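Visitor: Pasting in a structure now, in structure tokens, and then I'll have a few things to ask.
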Amino acid sequence: MKSKVILTALASFAGFIAAPAQAENFDGPYIGVQAGWNRAEVADRTIDAQPIDAEVSRDALVLGGYAGYNYKINDRVVIGAEAGFSGAFDDEVRDQSAGNSLTIDPRYSFDLSARAGYLVNDKTLAYLRGGYANSRVRTTLVSDDAITRASDNLDGWLVGGGVERTLTDKISARLEYRYTDFGNNGGHFDQHQALVGISYNF
């Protein structure tokens, strides 16, 4: 009887040692991909010091990637930093300005942001985001006399929020809304985005 108890205890201890440790959710580095809806709103651009009177918007599909780091301050609070890169498809904004054809093409953008969240439970993080954004934009104005093009790097800021949930020890999914304001340097350029992301957590 005693030998059976000892053998059972040894087997249980061996199983405990052999079992992998449970990964800590939302703590450490991660990478991911995301996709979603992008709405660009542009107004009053300037090209070669020439004001362009146009207010237009365009909906498009956006794809991107990101990498970041989460740090758990305590059992419920998570902070972190993230860098992202994205580009939209078929997102050229077209309009008329003073009878001339106008095309505004947001080429790509990147961002650096901080994230702060609260763990609703062990697997679900609700968070807010804020940081810096940059977009490369090309503007083309076609008149009867000439075609004028200009490319700009627009600096701005972003804010947003979302919910992320772990699916496995390594994989999590998130749903997020972002608003980005690229300022009024040569005109107004805002973006609204609804994004779905999948992350691999190291």
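Chain labels A, B, ... are given in the sequence in which chains occur in the structure tokens; within each chain residues are numbered consecutively from 1, and ligands are likewise numbered from 1 in the order shown.
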Report as CSV the residues of stretch 105-151 of chain A within 12 Å of stretch 58-65 of chain A, each with its shortest atom pair and distance in Å (one decimal), using only C-alpha atoms, ordered by chain and increasing residue number.

Guide:
```
residue,atom,partner,partner_atom,distance
A:Asp105,CA,A:Arg58,CA,10.4
A:Pro106,CA,A:Arg58,CA,10.7
A:Arg107,CA,A:Val62,CA,11.2
A:Tyr108,CA,A:Gly64,CA,9.6
A:Ser109,CA,A:Gly64,CA,9.4
A:Phe110,CA,A:Gly64,CA,9.2
A:Asp111,CA,A:Gly65,CA,10.7
```

Visitor: Go ahead and write the selection's residues with N, CA and C atoms as a PDB file, in the first residue's frame.

Guide:
```
ATOM      1  N   ASP A 105      -3.114  60.553 -53.574  1.00  0.00           N
ATOM      2  CA  ASP A 105      -2.802  59.135 -53.366  1.00  0.00           C
ATOM      3  C   ASP A 105      -1.992  58.952 -52.084  1.00  0.00           C
ATOM      4  N   PRO A 106      -2.615  58.477 -50.986  1.00  0.00           N
ATOM      5  CA  PRO A 106      -1.853  58.123 -49.783  1.00  0.00           C
ATOM      6  C   PRO A 106      -1.077  56.834 -50.060  1.00  0.00           C
ATOM      7  N   ARG A 107       0.242  56.909 -50.107  1.00  0.00           N
ATOM      8  CA  ARG A 107       1.045  55.770 -50.531  1.00  0.00           C
ATOM      9  C   ARG A 107       1.192  54.727 -49.426  1.00  0.00           C
ATOM     10  N   TYR A 108       1.701  55.141 -48.280  1.00  0.00           N
ATOM     11  CA  TYR A 108       1.891  54.243 -47.142  1.00  0.00           C
ATOM     12  C   TYR A 108       2.042  55.095 -45.885  1.00  0.00           C
ATOM     13  N   SER A 109       1.978  54.463 -44.732  1.00  0.00           N
ATOM     14  CA  SER A 109       2.141  55.185 -43.469  1.00  0.00           C
ATOM     15  C   SER A 109       2.773  54.272 -42.432  1.00  0.00           C
ATOM     16  N   PHE A 110       3.369  54.896 -41.409  1.00  0.00           N
ATOM     17  CA  PHE A 110       3.888  54.151 -40.270  1.00  0.00           C
ATOM     18  C   PHE A 110       3.566  54.919 -38.996  1.00  0.00           C
ATOM     19  N   ASP A 111       3.625  54.239 -37.882  1.00  0.00           N
ATOM     20  CA  ASP A 111       3.275  54.878 -36.613  1.00  0.00           C
ATOM     21  C   ASP A 111       4.077  54.285 -35.465  1.00  0.00           C
TER      22      ASP A 111
END
```

Visitor: Give me the residues of stretch 95-160 of chain A that have any atom at most 10 Å from an atom of stretch 26-34 of chain A; for each, the nearest atom pair and the distance in Å, rounded to one decimal. Use only C-alpha atoms, sort by chain and number, and format it as JSON lines.

Guide:
```
{"residue": "A:Gly117", "atom": "CA", "partner": "A:Phe26", "partner_atom": "CA", "distance": 9.8}
{"residue": "A:Leu119", "atom": "CA", "partner": "A:Phe26", "partner_atom": "CA", "distance": 9.0}
{"residue": "A:Asp122", "atom": "CA", "partner": "A:Phe26", "partner_atom": "CA", "distance": 9.2}
{"residue": "A:Lys123", "atom": "CA", "partner": "A:Phe26", "partner_atom": "CA", "distance": 8.6}
{"residue": "A:Thr124", "atom": "CA", "partner": "A:Phe26", "partner_atom": "CA", "distance": 9.3}
{"residue": "A:Leu125", "atom": "CA", "partner": "A:Phe26", "partner_atom": "CA", "distance": 8.1}
```

Visitor: Of the residues A:Gly161, A:Ser101, A:Ile198, A:Ala133, which is the one nearest to A:Arg174, using only C-alpha atoms?

Guide: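 Closest residue, counting only C-alpha atoms: A:Ile198.
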
Visitor: From stretch 18-194 of chain A, collect each residue whose DSSP state is strand (DSSP E or B) and return the set as a PyMOL selection string.

Guide: chain A and resi 28-43+46-47+50-51+55-72+77-89+93-97+100-121+124-142+147-166+171-181+188-194

Visitor: Can you work out which one of A:Ala83, A:Ile171, A:Ala88, A:Gly156 has the shortest atom-to-atom distance to A:Trp37, counting only C-alpha atoms?

Guide: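 Of the candidates, the smallest distance to A:Trp37 is held by A:Ala88.
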
Visitor: So, counting only C-alpha atoms, which residue among A:Asn134, A:Asn153, A:Ser199, A:Asn74 is closest to A:Leu175?

Guide: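 When distances to A:Leu175 are compared using only C-alpha atoms, the smallest one comes from A:Ser199.
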
Visitor: Using only C-alpha atoms, which of A:Ser135, A:Arg39, A:Tyr127, A:Asn25 sits nearest A:Phe85?

Guide: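 Closest to A:Phe85, using only C-alpha atoms: A:Ser135.
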
Visitor: Between A:Thr140, A:Ser113, A:Thr166, A:Asn121, which residue has the minimum interatomic distance to A:Val93, considering only C-alpha atoms?

Guide: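 Ranking A:Thr140, A:Ser113, A:Thr166, A:Asn121 by distance to A:Val93, first place goes to A:Thr140.
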